[in-house]
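Participant: Input file: entry_18.txt. Contents: compact mmCIF, N, CA and C atoms.
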```txt
# COMPACT_ATOMS: atom_id res chain seq x y z
N MET A 1 14.17 -2.22 -17.92
CA MET A 1 15.10 -2.91 -17.05
C MET A 1 15.37 -4.33 -17.54
N ASN A 2 14.53 -4.85 -18.42
CA ASN A 2 14.73 -6.23 -18.88
C ASN A 2 15.93 -6.37 -19.79
N ARG A 3 16.46 -5.27 -20.31
CA ARG A 3 17.59 -5.39 -21.23
C ARG A 3 18.92 -5.55 -20.50
N PHE A 4 18.94 -5.36 -19.20
CA PHE A 4 20.18 -5.45 -18.43
C PHE A 4 20.36 -6.86 -17.88
N LYS A 5 21.62 -7.28 -17.82
CA LYS A 5 21.98 -8.53 -17.14
C LYS A 5 22.54 -8.13 -15.78
N PHE A 6 21.94 -8.62 -14.75
CA PHE A 6 22.35 -8.27 -13.40
C PHE A 6 23.38 -9.29 -12.91
N GLN A 7 24.60 -8.85 -12.70
CA GLN A 7 25.65 -9.71 -12.15
C GLN A 7 25.59 -9.65 -10.63
N GLU A 8 25.94 -10.75 -10.00
CA GLU A 8 25.85 -10.84 -8.54
C GLU A 8 26.75 -9.81 -7.85
N SER A 9 27.92 -9.58 -8.41
CA SER A 9 28.84 -8.61 -7.81
C SER A 9 28.27 -7.19 -7.90
N ASP A 10 27.61 -6.87 -9.02
CA ASP A 10 27.01 -5.55 -9.18
C ASP A 10 25.82 -5.36 -8.24
N VAL A 11 25.03 -6.40 -8.09
CA VAL A 11 23.88 -6.32 -7.16
C VAL A 11 24.39 -6.11 -5.74
N ARG A 12 25.47 -6.80 -5.37
CA ARG A 12 26.05 -6.64 -4.03
C ARG A 12 26.56 -5.21 -3.82
N LYS A 13 27.17 -4.62 -4.85
CA LYS A 13 27.65 -3.24 -4.76
C LYS A 13 26.50 -2.28 -4.49
N VAL A 14 25.40 -2.46 -5.21
CA VAL A 14 24.24 -1.58 -5.03
C VAL A 14 23.62 -1.80 -3.66
N GLN A 15 23.55 -3.05 -3.21
CA GLN A 15 23.02 -3.34 -1.87
C GLN A 15 23.85 -2.64 -0.80
N ASN A 16 25.17 -2.76 -0.88
CA ASN A 16 26.05 -2.12 0.10
C ASN A 16 25.91 -0.61 0.07
N HIS A 17 25.76 -0.05 -1.12
CA HIS A 17 25.59 1.40 -1.27
C HIS A 17 24.30 1.87 -0.60
N LEU A 18 23.22 1.11 -0.81
CA LEU A 18 21.94 1.49 -0.22
C LEU A 18 21.92 1.25 1.29
N GLN A 19 22.58 0.20 1.75
CA GLN A 19 22.60 -0.09 3.19
C GLN A 19 23.41 0.94 3.96
N SER A 20 24.34 1.60 3.29
CA SER A 20 25.12 2.63 3.97
C SER A 20 24.32 3.91 4.15
N GLY A 21 23.11 3.93 3.62
CA GLY A 21 22.24 5.09 3.80
C GLY A 21 22.31 6.08 2.65
N ALA A 22 23.10 5.80 1.66
CA ALA A 22 23.25 6.73 0.53
C ALA A 22 22.17 6.46 -0.51
N LYS A 23 21.84 7.50 -1.26
CA LYS A 23 20.91 7.35 -2.38
C LYS A 23 21.73 7.21 -3.65
N ILE A 24 21.11 6.64 -4.66
CA ILE A 24 21.80 6.46 -5.93
C ILE A 24 21.63 7.73 -6.77
N THR A 25 22.75 8.33 -7.16
CA THR A 25 22.72 9.52 -8.01
C THR A 25 23.52 9.25 -9.28
N GLU A 26 23.47 10.17 -10.21
CA GLU A 26 24.19 10.01 -11.47
C GLU A 26 25.70 10.10 -11.28
N ASN A 27 26.15 10.72 -10.21
CA ASN A 27 27.57 10.93 -9.97
C ASN A 27 28.24 9.79 -9.21
N ASP A 28 27.51 8.74 -8.90
CA ASP A 28 28.08 7.62 -8.16
C ASP A 28 29.05 6.85 -9.04
N ILE A 29 30.28 6.75 -8.58
CA ILE A 29 31.31 6.03 -9.32
C ILE A 29 31.40 4.62 -8.76
N GLY A 30 31.49 3.64 -9.63
CA GLY A 30 31.63 2.26 -9.19
C GLY A 30 30.33 1.48 -9.22
N LEU A 31 29.22 2.15 -9.38
CA LEU A 31 27.94 1.45 -9.49
C LEU A 31 27.65 1.15 -10.95
N PRO A 32 26.96 0.05 -11.23
CA PRO A 32 26.64 -0.27 -12.63
C PRO A 32 25.65 0.74 -13.22
N LYS A 33 25.58 0.79 -14.54
CA LYS A 33 24.71 1.75 -15.22
C LYS A 33 23.23 1.52 -14.92
N TRP A 34 22.87 0.26 -14.74
CA TRP A 34 21.46 -0.03 -14.50
C TRP A 34 21.00 0.49 -13.14
N ALA A 35 21.94 0.70 -12.22
CA ALA A 35 21.56 1.17 -10.88
C ALA A 35 20.98 2.58 -10.93
N GLN A 36 21.45 3.38 -11.86
CA GLN A 36 20.94 4.75 -11.97
C GLN A 36 19.54 4.79 -12.55
N ARG A 37 19.10 3.72 -13.17
CA ARG A 37 17.76 3.66 -13.74
C ARG A 37 16.71 3.16 -12.75
N LEU A 38 17.14 2.71 -11.59
CA LEU A 38 16.18 2.24 -10.59
C LEU A 38 15.40 3.42 -10.04
N LYS A 39 14.09 3.27 -9.96
CA LYS A 39 13.24 4.36 -9.47
C LYS A 39 13.01 4.27 -7.97
N LYS A 40 12.76 3.06 -7.48
CA LYS A 40 12.51 2.85 -6.05
C LYS A 40 13.35 1.69 -5.53
N PRO A 41 14.66 1.84 -5.48
CA PRO A 41 15.49 0.73 -5.00
C PRO A 41 15.38 0.55 -3.49
N ALA A 42 15.41 -0.70 -3.07
CA ALA A 42 15.35 -1.00 -1.64
C ALA A 42 16.03 -2.33 -1.38
N VAL A 43 16.57 -2.48 -0.19
CA VAL A 43 17.16 -3.74 0.24
C VAL A 43 16.25 -4.30 1.32
N ARG A 44 15.78 -5.54 1.12
CA ARG A 44 14.87 -6.17 2.08
C ARG A 44 15.35 -7.56 2.41
N LYS A 45 14.92 -8.03 3.58
CA LYS A 45 15.20 -9.42 3.97
C LYS A 45 14.15 -10.31 3.33
N VAL A 46 14.63 -11.42 2.81
CA VAL A 46 13.73 -12.44 2.26
C VAL A 46 13.96 -13.72 3.04
N ALA A 47 13.49 -14.83 2.54
CA ALA A 47 13.57 -16.10 3.26
C ALA A 47 14.99 -16.46 3.64
N HIS A 48 15.14 -17.13 4.75
CA HIS A 48 16.41 -17.63 5.28
C HIS A 48 17.37 -16.51 5.65
N GLY A 49 16.86 -15.34 5.97
CA GLY A 49 17.69 -14.23 6.42
C GLY A 49 18.54 -13.60 5.33
N ARG A 50 18.28 -13.92 4.08
CA ARG A 50 19.06 -13.39 2.97
C ARG A 50 18.57 -12.00 2.61
N LEU A 51 19.48 -11.10 2.26
CA LEU A 51 19.12 -9.76 1.81
C LEU A 51 19.01 -9.76 0.30
N ALA A 52 18.00 -9.06 -0.22
CA ALA A 52 17.80 -9.00 -1.66
C ALA A 52 17.53 -7.56 -2.07
N LEU A 53 17.89 -7.25 -3.29
CA LEU A 53 17.67 -5.92 -3.85
C LEU A 53 16.33 -5.92 -4.57
N PHE A 54 15.52 -4.92 -4.29
CA PHE A 54 14.20 -4.81 -4.90
C PHE A 54 14.09 -3.51 -5.67
N GLU A 55 13.33 -3.55 -6.75
CA GLU A 55 12.95 -2.36 -7.49
C GLU A 55 11.44 -2.27 -7.36
N GLY A 56 10.97 -1.42 -6.45
CA GLY A 56 9.55 -1.40 -6.13
C GLY A 56 9.19 -2.70 -5.44
N SER A 57 8.32 -3.48 -6.08
CA SER A 57 7.93 -4.77 -5.49
C SER A 57 8.60 -5.95 -6.19
N LEU A 58 9.47 -5.68 -7.17
CA LEU A 58 10.12 -6.75 -7.93
C LEU A 58 11.51 -7.03 -7.39
N GLU A 59 11.80 -8.29 -7.13
CA GLU A 59 13.13 -8.68 -6.67
C GLU A 59 14.07 -8.77 -7.87
N ILE A 60 15.25 -8.19 -7.74
CA ILE A 60 16.24 -8.26 -8.81
C ILE A 60 17.06 -9.53 -8.61
N VAL A 61 17.05 -10.39 -9.63
CA VAL A 61 17.72 -11.69 -9.55
C VAL A 61 18.98 -11.65 -10.41
N PRO A 62 20.16 -11.87 -9.82
CA PRO A 62 21.38 -11.93 -10.62
C PRO A 62 21.39 -13.16 -11.53
N VAL A 63 22.15 -13.08 -12.59
CA VAL A 63 22.23 -14.17 -13.56
C VAL A 63 22.66 -15.47 -12.89
N GLN A 64 23.54 -15.38 -11.91
CA GLN A 64 24.06 -16.57 -11.24
C GLN A 64 23.00 -17.27 -10.39
N ARG A 65 21.93 -16.60 -10.04
CA ARG A 65 20.91 -17.20 -9.16
C ARG A 65 19.62 -17.57 -9.89
N VAL A 66 19.57 -17.40 -11.21
CA VAL A 66 18.32 -17.64 -11.94
C VAL A 66 17.85 -19.07 -11.78
N ASP A 67 18.73 -20.05 -11.98
CA ASP A 67 18.33 -21.46 -11.85
C ASP A 67 17.87 -21.79 -10.43
N GLU A 68 18.54 -21.23 -9.45
CA GLU A 68 18.16 -21.47 -8.05
C GLU A 68 16.75 -20.95 -7.76
N VAL A 69 16.46 -19.75 -8.24
CA VAL A 69 15.13 -19.16 -8.02
C VAL A 69 14.06 -19.95 -8.76
N LEU A 70 14.34 -20.32 -9.99
CA LEU A 70 13.36 -21.10 -10.76
C LEU A 70 13.13 -22.47 -10.13
N ARG A 71 14.19 -23.11 -9.65
CA ARG A 71 14.04 -24.42 -9.01
C ARG A 71 13.17 -24.30 -7.76
N GLU A 72 13.40 -23.24 -6.99
CA GLU A 72 12.59 -23.00 -5.79
C GLU A 72 11.12 -22.85 -6.16
N LEU A 73 10.85 -22.08 -7.20
CA LEU A 73 9.47 -21.82 -7.61
C LEU A 73 8.79 -23.03 -8.21
N MET A 74 9.48 -23.72 -9.08
CA MET A 74 8.85 -24.82 -9.82
C MET A 74 8.64 -26.06 -8.97
N LEU A 75 9.61 -26.39 -8.14
CA LEU A 75 9.56 -27.67 -7.44
C LEU A 75 8.91 -27.59 -6.07
N ASP A 76 8.49 -26.41 -5.66
CA ASP A 76 7.80 -26.26 -4.39
C ASP A 76 6.38 -26.81 -4.54
N SER A 77 5.94 -27.60 -3.58
CA SER A 77 4.63 -28.23 -3.69
C SER A 77 3.49 -27.22 -3.60
N GLY A 78 3.69 -26.11 -2.92
CA GLY A 78 2.63 -25.12 -2.79
C GLY A 78 2.74 -23.98 -3.78
N SER A 79 3.57 -24.15 -4.80
CA SER A 79 3.81 -23.08 -5.75
C SER A 79 2.66 -22.92 -6.73
N ASP A 80 2.44 -21.69 -7.15
CA ASP A 80 1.40 -21.41 -8.14
C ASP A 80 2.01 -21.16 -9.52
N MET A 81 3.25 -21.57 -9.69
CA MET A 81 3.99 -21.34 -10.93
C MET A 81 3.61 -22.39 -11.97
N PRO A 82 3.07 -21.96 -13.13
CA PRO A 82 2.74 -22.92 -14.19
C PRO A 82 3.99 -23.48 -14.85
N LEU A 83 3.85 -24.63 -15.47
CA LEU A 83 5.00 -25.30 -16.08
C LEU A 83 5.14 -25.02 -17.57
N SER A 84 4.42 -24.03 -18.08
CA SER A 84 4.58 -23.66 -19.48
C SER A 84 5.34 -22.34 -19.57
N ARG A 85 5.98 -22.11 -20.70
CA ARG A 85 6.87 -20.95 -20.82
C ARG A 85 6.13 -19.62 -20.72
N ASP A 86 5.09 -19.41 -21.50
CA ASP A 86 4.45 -18.10 -21.55
C ASP A 86 3.67 -17.77 -20.29
N SER A 87 2.90 -18.71 -19.80
CA SER A 87 2.15 -18.44 -18.57
C SER A 87 3.08 -18.37 -17.36
N GLY A 88 4.16 -19.15 -17.39
CA GLY A 88 5.15 -19.08 -16.32
C GLY A 88 5.87 -17.75 -16.32
N TYR A 89 6.20 -17.24 -17.49
CA TYR A 89 6.88 -15.95 -17.59
C TYR A 89 5.95 -14.83 -17.14
N TYR A 90 4.66 -14.96 -17.42
CA TYR A 90 3.68 -13.97 -16.98
C TYR A 90 3.68 -13.85 -15.46
N VAL A 91 3.77 -14.97 -14.77
CA VAL A 91 3.83 -14.96 -13.31
C VAL A 91 5.18 -14.41 -12.83
N LEU A 92 6.27 -14.80 -13.50
CA LEU A 92 7.61 -14.36 -13.12
C LEU A 92 7.79 -12.85 -13.23
N GLN A 93 7.28 -12.25 -14.29
CA GLN A 93 7.50 -10.83 -14.50
C GLN A 93 6.76 -9.96 -13.50
N LYS A 94 5.83 -10.53 -12.78
CA LYS A 94 5.14 -9.78 -11.72
C LYS A 94 5.91 -9.83 -10.40
N ARG A 95 6.91 -10.73 -10.30
CA ARG A 95 7.64 -10.90 -9.04
C ARG A 95 9.14 -10.59 -9.14
N TYR A 96 9.73 -10.78 -10.32
CA TYR A 96 11.19 -10.72 -10.44
C TYR A 96 11.63 -9.87 -11.63
N LEU A 97 12.83 -9.31 -11.51
CA LEU A 97 13.54 -8.68 -12.62
C LEU A 97 14.81 -9.48 -12.86
N GLY A 98 15.15 -9.70 -14.11
CA GLY A 98 16.41 -10.39 -14.40
C GLY A 98 16.24 -11.81 -14.88
N ILE A 99 15.01 -12.31 -14.95
CA ILE A 99 14.78 -13.65 -15.47
C ILE A 99 14.10 -13.50 -16.82
N SER A 100 14.79 -13.92 -17.87
CA SER A 100 14.25 -13.76 -19.22
C SER A 100 13.39 -14.97 -19.59
N ARG A 101 12.63 -14.78 -20.64
CA ARG A 101 11.81 -15.88 -21.16
C ARG A 101 12.72 -17.01 -21.67
N ARG A 102 13.85 -16.62 -22.24
CA ARG A 102 14.80 -17.61 -22.75
C ARG A 102 15.41 -18.43 -21.61
N ALA A 103 15.71 -17.77 -20.50
CA ALA A 103 16.27 -18.49 -19.34
C ALA A 103 15.23 -19.45 -18.77
N LEU A 104 13.98 -19.02 -18.75
CA LEU A 104 12.91 -19.89 -18.26
C LEU A 104 12.75 -21.10 -19.17
N MET A 105 12.81 -20.90 -20.48
CA MET A 105 12.68 -22.03 -21.41
C MET A 105 13.85 -22.99 -21.29
N ALA A 106 15.06 -22.45 -21.11
CA ALA A 106 16.23 -23.31 -20.94
C ALA A 106 16.10 -24.13 -19.67
N PHE A 107 15.57 -23.53 -18.60
CA PHE A 107 15.38 -24.26 -17.35
C PHE A 107 14.33 -25.35 -17.53
N LEU A 108 13.22 -25.02 -18.20
CA LEU A 108 12.16 -26.01 -18.41
C LEU A 108 12.64 -27.16 -19.28
N ALA A 109 13.52 -26.88 -20.24
CA ALA A 109 14.03 -27.94 -21.11
C ALA A 109 14.89 -28.94 -20.34
N LYS A 110 15.54 -28.48 -19.27
CA LYS A 110 16.38 -29.36 -18.45
C LYS A 110 15.56 -30.26 -17.53
N GLN A 111 14.32 -29.87 -17.27
CA GLN A 111 13.50 -30.61 -16.32
C GLN A 111 12.77 -31.74 -17.04
N THR A 112 13.25 -32.94 -16.89
CA THR A 112 12.62 -34.08 -17.55
C THR A 112 11.66 -34.82 -16.62
N ASP A 113 11.80 -34.61 -15.34
CA ASP A 113 10.99 -35.37 -14.39
C ASP A 113 9.73 -34.65 -13.96
N LEU A 114 9.52 -33.42 -14.45
CA LEU A 114 8.32 -32.70 -14.06
C LEU A 114 7.10 -33.31 -14.74
N PRO A 115 6.00 -33.46 -14.00
CA PRO A 115 4.81 -34.07 -14.60
C PRO A 115 4.09 -33.08 -15.51
N VAL A 116 4.28 -33.23 -16.78
CA VAL A 116 3.59 -32.40 -17.76
C VAL A 116 2.58 -33.29 -18.46
N SER A 117 1.34 -32.86 -18.51
CA SER A 117 0.33 -33.68 -19.16
C SER A 117 0.11 -33.19 -20.58
N TYR A 118 0.13 -34.10 -21.48
CA TYR A 118 -0.13 -33.81 -22.88
C TYR A 118 -1.45 -34.45 -23.25
N THR A 119 -2.16 -33.81 -24.14
CA THR A 119 -3.41 -34.41 -24.59
C THR A 119 -3.10 -35.36 -25.74
N HIS A 120 -3.53 -36.57 -25.61
CA HIS A 120 -3.34 -37.58 -26.64
C HIS A 120 -4.71 -38.01 -27.14
N LEU A 121 -4.75 -38.38 -28.38
CA LEU A 121 -5.99 -38.93 -28.91
C LEU A 121 -6.22 -40.31 -28.29
N THR A 122 -7.45 -40.57 -27.94
CA THR A 122 -7.74 -41.87 -27.38
C THR A 122 -7.85 -42.88 -28.54
N LEU A 123 -7.24 -44.01 -28.34
CA LEU A 123 -7.26 -45.05 -29.35
C LEU A 123 -8.53 -45.88 -29.16
N PRO A 124 -9.16 -46.22 -30.27
CA PRO A 124 -10.36 -47.05 -30.13
C PRO A 124 -10.00 -48.44 -29.59
N THR A 125 -10.80 -48.90 -28.69
CA THR A 125 -10.56 -50.23 -28.12
C THR A 125 -11.42 -51.26 -28.87
N SER A 126 -10.89 -52.41 -28.99
CA SER A 126 -11.58 -53.47 -29.70
C SER A 126 -12.15 -54.47 -28.70
N ASP A 127 -13.42 -54.76 -28.82
CA ASP A 127 -14.06 -55.74 -27.94
C ASP A 127 -13.96 -57.17 -28.49
N LEU A 128 -13.33 -57.32 -29.64
CA LEU A 128 -13.26 -58.63 -30.27
C LEU A 128 -12.12 -59.49 -29.75
N VAL A 129 -11.30 -59.00 -28.91
CA VAL A 129 -10.13 -59.74 -28.46
C VAL A 129 -10.48 -60.77 -27.45
```
Reformat the file's structure so that it appears as C-alpha cells.
Facilitator:
Amino acid sequence: MNRFKFQESDVRKVQNHLQSGAKITENDIGLPKWAQRLKKPAVRKVAHGRLALFEGSLEIVPVQRVDEVLRELMLDSGSDMPLSRDSGYYVLQKRYLGISRRALMAFLAKQTDLPVSYTHLTLPTSDLV
C-alpha cells in the first residue's frame, strides 16, 4: 500500500462508498485502484468529529493532509514522535498509511525552530585567563 498516493478526493469517494453500507468489490466503478487492495477498510471518527478512512488499525492520510498530520504529531507537547527521520518513520508506519519517509524528511527540513540536540566536542577551558 505504500506505493500508492492517496488523493483527498479518492479517500472521500471510498469513505462515502463505505458509509452507504456497500462493500468494496472488483466491479466497483469510480473507486480508485488502491481501494480494491484494502483488506479491512473502515470509516471511523477521530479527533474533532472528523471522519477518517482506516485500513485495519492504520489511518490513511491523503497527500494534501500529510503536513497537517506531521505538524500535529511533532509539535504536540505530549507526543512520543522522535525528531529524527528513521525513528520517526518507524513510529509513523505503525499508525498511518500514505506518509513516506521522503515526506517526513521534507517536513523535518522545514522545521528550523525544533529543539534538536547535537553532540559537540567540549572545548578545553584555560585557567590562565
Participant: Do you have the CA of Gln15 in chain A-CA of Val43 in chain A distance handy?
Facilitator: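 A separation of 6.2 Å between them.
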Participant: From the DSSP assignment of the backbone, select every residue of chain A that is alpha helix (DSSP H), and format the answer as an MDAnalysis selection string.
Facilitator: chainID A and resid 8:19 66:75 85:92 101:110
Participant: In Å, with one decimal, what is the gap from CA of Arg3 in chain A to CA of Leu104 in chain A?
Facilitator: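 Going from CA of Arg3 in chain A over to CA of Leu104 in chain A, I get 15.5 Å.
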Participant: Please report the interatomic distance between atom N of Ser87 in chain A and atom C of Arg102 in chain A in Å with one decimal.
Facilitator: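 Computed distance, atom N of Ser87 in chain A to atom C of Arg102 in chain A, equals 12.6 Å.
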Participant: Set the distance at 6 Å and use all atoms listed in the file: which residues neighbour Phe54 in chain A once local chain neighbours fewer than 5 positions away are removed? I'd like the list as a list in words.
Facilitator: Lys40, Pro41, Ala42, Val43, Arg44, Glu59 and Ile60 of chain A
Participant: So, with all atoms listed in the file as the atoms that count, which of A:Gly98, A:Gly30, A:Pro82, A:Gly49 lies closest to Val66 in chain A?
Facilitator: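 Selected residue with least distance to Val66 in chain A: A:Gly98.
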Participant: What's the 10 Å shell around Val61 in chain A, counting only C-alpha atoms, without same-chain residues fewer than 2 positions away, as a list in words?
Facilitator: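 Surrounding residues, per the criterion: Lys5, Phe6, Gln7, Glu8, Val11, Ala52, Leu53, Phe54, Leu58, Glu59, Val63, Gln64, Arg65, Val66, Glu68, Val69, Tyr96, Leu97, Gly98 and Ile99 of chain A.
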Participant: Using only N, CA and C atoms, which residue out of A:Asn16, A:Asn27, A:Ser57, A:Thr122 lies closest to Arg95 in chain A?
Facilitator: A:Ser57
Participant: Taking the chain letters and numbering used in this document, name the residues of chain A that DSSP puts in strand (DSSP E), as a list in words.
Facilitator: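 Here is the list: Pro41, Ala42, Val43, Arg44, Lys45, Leu51, Ala52, Leu53, Phe54, Glu55, Leu58, Glu59, Ile60, Tyr96 and Leu97 of chain A.
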Participant: Kindly provide, as lines of an AutoDock Vina configuration file, the centre and edge lengths (Å, one decimal) of an axis-aligned box around all atoms of range 69-86 of chain A given in the file, with 4 Å on each side.
Facilitator:
```
center_x = 8.9
center_y = -23.0
center_z = -12.2
size_x = 23.1
size_y = 18.5
size_z = 26.8
```
